$ cat my_file_32.txt   # compact mmCIF, C-alpha atoms
# COMPACT_ATOMS: atom_id res chain seq x y z
CA MET Q 1 4.39 8.47 -12.71
CA ASN Q 2 0.64 8.80 -12.11
CA TYR Q 3 -1.57 7.12 -9.48
CA ARG Q 4 -2.33 4.09 -11.66
CA GLU Q 5 1.33 3.60 -12.57
CA CYS Q 6 2.36 3.89 -8.93
CA ALA Q 7 -0.24 1.32 -7.86
CA GLU Q 8 0.92 -0.98 -10.66
CA TRP Q 9 4.54 -0.62 -9.56
CA LEU Q 10 3.54 -1.51 -6.00
CA ARG Q 11 1.54 -4.54 -7.23
CA ASN Q 12 4.60 -5.77 -9.14
CA HIS Q 13 6.99 -5.58 -6.19
CA ASN Q 14 7.30 -7.17 -2.78
CA ASN Q 15 9.44 -6.78 0.34
CA ILE Q 16 8.97 -3.00 0.26
CA LEU Q 17 10.73 -0.77 2.78
CA LEU Q 18 8.88 2.51 3.33
CA LEU Q 19 11.08 5.49 4.15
CA THR Q 20 10.21 8.66 6.05
CA HIS Q 21 12.13 11.90 6.54
CA ILE Q 22 14.31 13.20 9.35
CA ARG Q 23 12.38 14.77 12.24
CA PRO Q 24 9.26 12.92 11.04
CA ASP Q 25 5.89 14.59 11.29
CA GLY Q 26 2.35 13.26 10.99
CA ASP Q 27 2.37 13.53 7.20
CA THR Q 28 5.39 11.36 6.46
CA LEU Q 29 4.53 8.84 9.21
CA GLY Q 30 0.78 8.69 8.68
CA SER Q 31 1.12 8.44 4.91
CA ALA Q 32 3.81 5.74 5.07
CA ALA Q 33 1.94 3.70 7.70
CA ALA Q 34 -1.36 3.88 5.78
CA LEU Q 35 0.43 2.76 2.61
CA CYS Q 36 2.07 -0.07 4.56
CA SER Q 37 -1.34 -1.21 5.79
CA ALA Q 38 -2.75 -1.15 2.25
CA LEU Q 39 0.22 -3.15 0.96
CA HIS Q 40 -0.38 -5.77 3.67
CA ARG Q 41 -4.00 -6.02 2.53
CA CYS Q 42 -2.70 -6.74 -0.97
CA GLY Q 43 -0.61 -9.61 0.36
CA LYS Q 44 2.66 -7.69 0.16
CA LYS Q 45 5.47 -7.76 2.67
CA ALA Q 46 6.14 -4.17 3.64
CA ALA Q 47 7.49 -2.29 6.64
CA LEU Q 48 8.46 1.19 7.74
CA TYR Q 49 12.13 1.91 8.21
CA ASN Q 50 12.79 2.29 11.93
CA ASN Q 51 13.36 6.05 11.88
CA PRO Q 52 15.27 6.89 15.10
CA ASP Q 53 13.61 10.34 15.27
CA ILE Q 54 10.03 9.11 15.75
CA THR Q 55 8.64 10.72 18.88
CA PRO Q 56 6.29 8.95 21.33
CA LYS Q 57 3.51 11.25 20.08
CA TYR Q 58 3.57 9.41 16.73
CA MET Q 59 5.11 6.07 17.69
CA LYS Q 60 1.82 4.85 19.15
CA TYR Q 61 0.22 5.17 15.70
CA VAL Q 62 2.98 3.62 13.61
CA SER Q 63 4.88 1.12 15.77
CA GLN Q 64 3.00 -1.89 14.41
CA TYR Q 65 4.28 -1.09 10.90
CA ILE Q 66 7.99 -0.77 11.76
CA GLY Q 67 10.12 -3.67 10.58
CA GLU Q 68 13.15 -4.50 12.67
CA ASN Q 69 15.83 -6.11 10.48
CA PHE Q 70 13.37 -6.19 7.57
CA ASP Q 71 14.91 -7.84 4.50
CA TYR Q 72 13.73 -5.60 1.68
CA ASP Q 73 14.05 -5.74 -2.10
CA CYS Q 74 12.92 -2.21 -2.91
CA THR Q 75 12.27 1.16 -1.28
CA VAL Q 76 9.54 3.79 -1.40
CA ALA Q 77 10.13 7.21 0.15
CA VAL Q 78 6.98 8.94 1.37
CA ASP Q 79 6.92 12.74 1.75
CA VAL Q 80 10.69 13.09 1.34
CA ALA Q 81 11.64 15.96 -0.99
CA GLU Q 82 15.39 15.38 -1.11
CA LYS Q 83 17.66 12.40 -0.55
CA HIS Q 84 19.56 14.10 2.30
CA MET Q 85 16.22 14.36 4.15
CA LEU Q 86 15.86 10.57 4.47
CA ALA Q 87 15.76 9.14 7.99
CA LEU Q 88 19.08 8.94 9.79
CA GLY Q 89 20.87 5.66 9.25
CA PHE Q 90 19.29 4.76 5.92
CA GLU Q 91 21.85 4.18 3.20
CA GLY Q 92 20.86 3.11 -0.27
CA ALA Q 93 18.90 3.84 -3.37
CA VAL Q 94 15.28 4.91 -3.50
CA ASN Q 95 13.15 3.20 -6.12
CA VAL Q 96 9.99 5.31 -5.82
CA CYS Q 97 9.22 8.62 -4.16
CA ILE Q 98 5.64 9.66 -3.39
CA ASP Q 99 5.59 13.36 -2.58
CA HIS Q 100 3.79 16.70 -2.65
CA HIS Q 101 6.73 19.12 -2.31
CA PRO Q 102 7.32 21.32 -5.37
CA THR Q 103 11.02 21.36 -4.36
CA ASN Q 104 11.39 17.59 -4.88
CA SER Q 105 14.84 16.99 -6.40
CA HIS Q 106 13.82 13.89 -8.42
CA TYR Q 107 16.37 11.69 -6.62
CA ALA Q 108 14.35 8.45 -6.89
CA ASP Q 109 14.16 6.16 -9.90
CA GLU Q 110 10.41 6.89 -10.16
CA LEU Q 111 8.44 9.85 -8.83
CA LEU Q 112 4.77 10.40 -8.08
CA LEU Q 113 4.56 14.13 -7.38
CA HIS Q 114 1.46 16.25 -6.81
CA ALA Q 115 2.75 19.66 -5.75
CA GLU Q 116 -0.77 21.10 -5.71
CA LYS Q 117 -1.67 18.95 -2.69
CA ALA Q 118 -1.38 20.36 0.84
CA SER Q 119 -0.11 17.02 2.17
CA CYS Q 120 1.37 13.76 1.03
CA GLY Q 121 -1.57 12.08 2.75
CA GLU Q 122 -3.82 13.34 -0.04
CA VAL Q 123 -1.54 11.73 -2.62
CA VAL Q 124 -1.31 8.43 -0.73
CA LEU Q 125 -5.10 8.37 -0.37
CA GLU Q 126 -5.41 8.25 -4.15
CA VAL Q 127 -2.69 5.58 -4.43
CA ILE Q 128 -4.47 3.38 -1.87
CA LYS Q 129 -7.81 3.75 -3.66
CA GLU Q 130 -6.12 2.76 -6.93
CA LEU Q 131 -4.29 -0.12 -5.26
CA CYS Q 132 -7.06 -1.56 -3.05
CA LYS Q 133 -10.28 0.08 -4.30
CA ASN Q 134 -11.13 1.04 -0.70
CA VAL Q 135 -9.67 2.52 2.48
CA THR Q 136 -9.95 0.95 5.94
CA PRO Q 137 -10.86 3.01 9.02
CA ASP Q 138 -7.29 2.62 10.36
CA GLU Q 139 -5.81 3.81 7.06
CA ALA Q 140 -8.29 6.70 7.05
CA SER Q 141 -7.17 7.69 10.55
CA LEU Q 142 -3.50 7.58 9.58
CA LEU Q 143 -4.19 9.64 6.47
CA TYR Q 144 -6.31 12.13 8.41
CA MET Q 145 -3.36 12.54 10.78
CA ALA Q 146 -1.19 13.17 7.71
CA VAL Q 147 -3.50 15.73 6.15
CA SER Q 148 -4.39 17.60 9.33
CA THR Q 149 -0.84 17.92 10.64
CA ASP Q 150 0.68 19.06 7.36
CA CYS Q 151 -1.78 21.90 6.98
CA GLY Q 152 -1.79 23.01 10.61
CA CYS Q 153 -5.26 21.65 11.33
CA PHE Q 154 -6.52 23.37 8.18
CA ARG Q 155 -5.25 26.86 8.98
CA TYR Q 156 -2.13 27.12 6.75
CA ALA Q 157 -2.14 28.88 3.40
CA ASN Q 158 -1.66 25.56 1.55
CA VAL Q 159 -5.22 24.45 2.37
CA THR Q 160 -7.55 24.21 -0.60
CA ALA Q 161 -11.08 22.98 -1.20
CA GLU Q 162 -9.48 19.67 -2.23
CA THR Q 163 -7.79 19.44 1.18
CA PHE Q 164 -11.17 19.70 2.89
CA ALA Q 165 -12.65 17.22 0.39
CA ALA Q 166 -9.92 14.70 1.21
CA ALA Q 167 -10.49 15.18 4.95
CA SER Q 168 -14.23 14.72 4.46
CA GLU Q 169 -13.63 11.57 2.43
CA LEU Q 170 -11.39 10.20 5.18
CA VAL Q 171 -14.11 10.87 7.76
CA SER Q 172 -16.55 8.94 5.56
CA TYR Q 173 -14.11 5.98 5.65
CA GLY Q 174 -14.13 6.03 9.45
CA ALA Q 175 -11.18 8.23 10.46
CA ALA Q 176 -11.07 8.71 14.23
CA VAL Q 177 -11.22 12.49 13.95
CA ARG Q 178 -12.20 13.25 17.54
CA GLU Q 179 -9.31 11.23 18.97
CA LEU Q 180 -6.80 12.61 16.48
CA ASN Q 181 -7.81 16.23 16.86
$ encode --input "my_file_32.txt" --output "structure tokens"
Amino acid sequence: MNYRECAEWLRNHNNILLLTHIRPDGDTLGSAAALCSALHRCGKKAALYNNPDITPKYMKYVSQYIGENFDYDCTVAVDVAEKHMLALGFEGAVNVCIDHHPTNSHYADELLLHAEKASCGEVVLEVIKELCKNVTPDEASLLYMAVSTDCGCFRYANVTAETFAAASELVSYGAAVRELN
């Protein structure tokens, strides 16, 4: 699946439950919340699965996207390399996985995988641009959180010129860099 195909799949579905991984970090949460926001802008019903491991550090950024007792028709895992890594309590099939881990086990029906990316936030950025043609400041902030946390504030070995380009692009969309850093 490529970016265009992923955006098309999202356009063709509704009532989408977004899944994050156990012990969620800024990448899985920021990426899933930004995608949820973009889906809302497209008129879609979408919500994050209420991952019981979300810490207060991240809850303040994603709580508005969590759906309690959300009646979903399909699922999208964000930044989850293997099925056993899905949030505690989730049981069921995964329709689409959006990921950047080269170890992804291809457990979902469809997979958008970019293993060359330092974070899933970089992948979701491209999906949102394909889906909505733009990125809101709130989405940019969530994606900046995703990118910066998954590469250790740009000091890990996975950082590339493209990582910095994505961060710069997110700043141009209005990411609240000062507050997030």
$ residues_around --input "my_file_32.txt" --residues "stretch 8-20 of chain Q" --least-positions-apart "3" --cutoff "8 Å" --atoms "all atoms listed in the file" --output "number ranges by chain"
Q: 4-5, 24, 28-29, 32, 36, 39, 42, 44-49, 51, 70-80, 86-87, 131
$ closest_atom_pairs --input "my_file_32.txt" --of "stretch 99-142 of chain Q" --to "stretch 153-176 of chain Q" --cutoff "10 Å" --atoms "only C-alpha atoms" --output "tab-separated table"
residue	atom	partner	partner_atom	distance
Q:Glu116	CA	Q:Asn158	CA	8.6
Q:Lys117	CA	Q:Thr163	CA	7.3
Q:Ala118	CA	Q:Asn158	CA	5.3
Q:Ser119	CA	Q:Thr163	CA	8.1
Q:Gly121	CA	Q:Ala166	CA	8.9
Q:Glu122	CA	Q:Ala166	CA	6.4
Q:Val123	CA	Q:Ala166	CA	9.7
Q:Leu125	CA	Q:Ala166	CA	8.1
Q:Glu126	CA	Q:Ala166	CA	9.5
Q:Asn134	CA	Q:Tyr173	CA	8.6
Q:Val135	CA	Q:Tyr173	CA	6.5
Q:Thr136	CA	Q:Tyr173	CA	6.5
Q:Pro137	CA	Q:Gly174	CA	4.5
Q:Asp138	CA	Q:Ala175	CA	6.8
Q:Glu139	CA	Q:Ala175	CA	7.7
Q:Ala140	CA	Q:Ala175	CA	4.7
Q:Ser141	CA	Q:Ala175	CA	4.0
Q:Leu142	CA	Q:Ala175	CA	7.8
$ atom_distance --input "my_file_32.txt" --atom1 "atom CA of Q:Lys83" --atom2 "atom CA of Q:Thr103"
11.8 Å
$ residues_near_point --input "my_file_32.txt" --point "(8.2, -1.1, 13.8)" --cutoff "8 Å" --atoms "all atoms listed in the file" --output "tab-separated table (two decimals) with C-alpha atoms, keeping the file's coordinate frame"
chain	number	residue	atom	x	y	z
Q	47	ALA	CA	7.49	-2.29	6.64
Q	48	LEU	CA	8.46	1.19	7.74
Q	49	TYR	CA	12.13	1.91	8.21
Q	50	ASN	CA	12.79	2.29	11.93
Q	62	VAL	CA	2.98	3.62	13.61
Q	63	SER	CA	4.88	1.12	15.77
Q	64	GLN	CA	3.00	-1.89	14.41
Q	65	TYR	CA	4.28	-1.09	10.90
Q	66	ILE	CA	7.99	-0.77	11.76
Q	67	GLY	CA	10.12	-3.67	10.58
Q	68	GLU	CA	13.15	-4.50	12.67
$ atom_distance --input "my_file_32.txt" --atom1 "atom CA of Q:Ala38" --atom2 "atom CA of Q:Cys132"
6.8 Å
$ closest_residue --input "my_file_32.txt" --among "Q:His84, Q:His101, Q:Lys133, Q:His106" --to "Q:Ile22" --atoms "all atoms listed in the file"
Q:His84
$ closest_residue --input "my_file_32.txt" --among "Q:Arg23, Q:Asp109, Q:Ala33, Q:Tyr3" --to "Q:Pro52" --atoms "all atoms listed in the file"
Q:Arg23
$ closest_residue --input "my_file_32.txt" --among "Q:Leu88, Q:His40, Q:Ala81, Q:Glu179" --to "Q:His114" --atoms "all atoms listed in the file"
Q:Ala81
$ closest_residue --input "my_file_32.txt" --among "Q:Cys6, Q:Asp27, Q:Met1, Q:Met85" --to "Q:Tyr144" --atoms "all atoms listed in the file"
Q:Asp27
$ axis_aligned_box --input "my_file_32.txt" --around "stretch 67-86 of chain Q" --padding-each-side "4 Å" --output "AutoDock Vina command-line options"
--center_x 13.2 --center_y 4.1 --center_z 4.9 --size_x 20.6 --size_y 31.8 --size_z 23.6
$ decode --input "my_file_32.txt" --residues "stretch 32-43 of chain Q" --atoms "all heavy atoms" --output "PDB file, in the first residue's frame"
ATOM      1  N   ALA Q  32      -1.281   8.689  15.787  1.00  0.00           N
ATOM      2  CA  ALA Q  32      -2.680   8.248  15.774  1.00  0.00           C
ATOM      3  C   ALA Q  32      -3.635   9.417  16.016  1.00  0.00           C
ATOM      4  O   ALA Q  32      -4.669   9.534  15.349  1.00  0.00           O
ATOM      5  CB  ALA Q  32      -2.902   7.149  16.809  1.00  0.00           C
ATOM      6  N   ALA Q  33      -3.293  10.302  16.943  1.00  0.00           N
ATOM      7  CA  ALA Q  33      -4.163  11.445  17.243  1.00  0.00           C
ATOM      8  C   ALA Q  33      -4.214  12.415  16.060  1.00  0.00           C
ATOM      9  O   ALA Q  33      -5.284  12.939  15.728  1.00  0.00           O
ATOM     10  CB  ALA Q  33      -3.699  12.158  18.503  1.00  0.00           C
ATOM     11  N   ALA Q  34      -3.081  12.665  15.416  1.00  0.00           N
ATOM     12  CA  ALA Q  34      -3.069  13.549  14.245  1.00  0.00           C
ATOM     13  C   ALA Q  34      -3.905  12.950  13.122  1.00  0.00           C
ATOM     14  O   ALA Q  34      -4.677  13.666  12.462  1.00  0.00           O
ATOM     15  CB  ALA Q  34      -1.638  13.782  13.772  1.00  0.00           C
ATOM     16  N   LEU Q  35      -3.786  11.638  12.907  1.00  0.00           N
ATOM     17  CA  LEU Q  35      -4.599  10.985  11.881  1.00  0.00           C
ATOM     18  C   LEU Q  35      -6.076  11.059  12.242  1.00  0.00           C
ATOM     19  O   LEU Q  35      -6.925  11.304  11.375  1.00  0.00           O
ATOM     20  CB  LEU Q  35      -4.150   9.537  11.690  1.00  0.00           C
ATOM     21  CG  LEU Q  35      -4.878   8.753  10.600  1.00  0.00           C
ATOM     22  CD1 LEU Q  35      -4.769   9.445   9.237  1.00  0.00           C
ATOM     23  CD2 LEU Q  35      -4.323   7.327  10.526  1.00  0.00           C
ATOM     24  N   CYS Q  36      -6.399  10.895  13.507  1.00  0.00           N
ATOM     25  CA  CYS Q  36      -7.794  11.000  13.960  1.00  0.00           C
ATOM     26  C   CYS Q  36      -8.345  12.395  13.657  1.00  0.00           C
ATOM     27  O   CYS Q  36      -9.457  12.537  13.147  1.00  0.00           O
ATOM     28  CB  CYS Q  36      -7.869  10.690  15.451  1.00  0.00           C
ATOM     29  SG  CYS Q  36      -9.546  10.514  16.083  1.00  0.00           S
ATOM     30  N   SER Q  37      -7.566  13.410  13.950  1.00  0.00           N
ATOM     31  CA  SER Q  37      -7.973  14.787  13.660  1.00  0.00           C
ATOM     32  C   SER Q  37      -8.233  14.980  12.167  1.00  0.00           C
ATOM     33  O   SER Q  37      -9.238  15.575  11.767  1.00  0.00           O
ATOM     34  CB  SER Q  37      -6.895  15.759  14.141  1.00  0.00           C
ATOM     35  OG  SER Q  37      -7.182  17.073  13.722  1.00  0.00           O
ATOM     36  N   ALA Q  38      -7.331  14.487  11.343  1.00  0.00           N
ATOM     37  CA  ALA Q  38      -7.492  14.614   9.888  1.00  0.00           C
ATOM     38  C   ALA Q  38      -8.740  13.879   9.411  1.00  0.00           C
ATOM     39  O   ALA Q  38      -9.477  14.380   8.545  1.00  0.00           O
ATOM     40  CB  ALA Q  38      -6.249  14.086   9.183  1.00  0.00           C
ATOM     41  N   LEU Q  39      -8.995  12.710   9.966  1.00  0.00           N
ATOM     42  CA  LEU Q  39     -10.205  11.964   9.587  1.00  0.00           C
ATOM     43  C   LEU Q  39     -11.460  12.739   9.973  1.00  0.00           C
ATOM     44  O   LEU Q  39     -12.434  12.781   9.207  1.00  0.00           O
ATOM     45  CB  LEU Q  39     -10.191  10.580  10.234  1.00  0.00           C
ATOM     46  CG  LEU Q  39      -9.168   9.607   9.653  1.00  0.00           C
ATOM     47  CD1 LEU Q  39      -8.999   8.395  10.561  1.00  0.00           C
ATOM     48  CD2 LEU Q  39      -9.563   9.186   8.243  1.00  0.00           C
ATOM     49  N   HIS Q  40     -11.458  13.375  11.134  1.00  0.00           N
ATOM     50  CA  HIS Q  40     -12.596  14.210  11.537  1.00  0.00           C
ATOM     51  C   HIS Q  40     -12.810  15.340  10.535  1.00  0.00           C
ATOM     52  O   HIS Q  40     -13.946  15.650  10.176  1.00  0.00           O
ATOM     53  CB  HIS Q  40     -12.384  14.787  12.938  1.00  0.00           C
ATOM     54  CG  HIS Q  40     -12.447  13.777  14.024  1.00  0.00           C
ATOM     55  ND1 HIS Q  40     -12.040  14.061  15.309  1.00  0.00           N
ATOM     56  CD2 HIS Q  40     -12.850  12.483  14.049  1.00  0.00           C
ATOM     57  CE1 HIS Q  40     -12.211  12.986  16.072  1.00  0.00           C
ATOM     58  NE2 HIS Q  40     -12.682  12.017  15.319  1.00  0.00           N
ATOM     59  N   ARG Q  41     -11.716  15.944  10.084  1.00  0.00           N
ATOM     60  CA  ARG Q  41     -11.837  17.027   9.093  1.00  0.00           C
ATOM     61  C   ARG Q  41     -12.434  16.535   7.781  1.00  0.00           C
ATOM     62  O   ARG Q  41     -13.057  17.306   7.057  1.00  0.00           O
ATOM     63  CB  ARG Q  41     -10.467  17.662   8.810  1.00  0.00           C
ATOM     64  CG  ARG Q  41      -9.954  18.482   9.950  1.00  0.00           C
ATOM     65  CD  ARG Q  41      -8.802  19.383   9.568  1.00  0.00           C
ATOM     66  NE  ARG Q  41      -7.597  18.684   9.145  1.00  0.00           N
ATOM     67  CZ  ARG Q  41      -6.925  18.930   8.029  1.00  0.00           C
ATOM     68  NH1 ARG Q  41      -7.344  19.850   7.189  1.00  0.00           N
ATOM     69  NH2 ARG Q  41      -5.821  18.269   7.743  1.00  0.00           N
ATOM     70  N   CYS Q  42     -12.272  15.258   7.494  1.00  0.00           N
ATOM     71  CA  CYS Q  42     -12.843  14.661   6.282  1.00  0.00           C
ATOM     72  C   CYS Q  42     -14.275  14.185   6.502  1.00  0.00           C
ATOM     73  O   CYS Q  42     -14.860  13.552   5.622  1.00  0.00           O
ATOM     74  CB  CYS Q  42     -11.992  13.474   5.831  1.00  0.00           C
ATOM     75  SG  CYS Q  42     -10.368  13.922   5.247  1.00  0.00           S
ATOM     76  N   GLY Q  43     -14.821  14.463   7.676  1.00  0.00           N
ATOM     77  CA  GLY Q  43     -16.190  14.050   7.962  1.00  0.00           C
ATOM     78  C   GLY Q  43     -16.319  12.615   8.425  1.00  0.00           C
ATOM     79  O   GLY Q  43     -17.434  12.067   8.468  1.00  0.00           O
TER      80      GLY Q  43
END
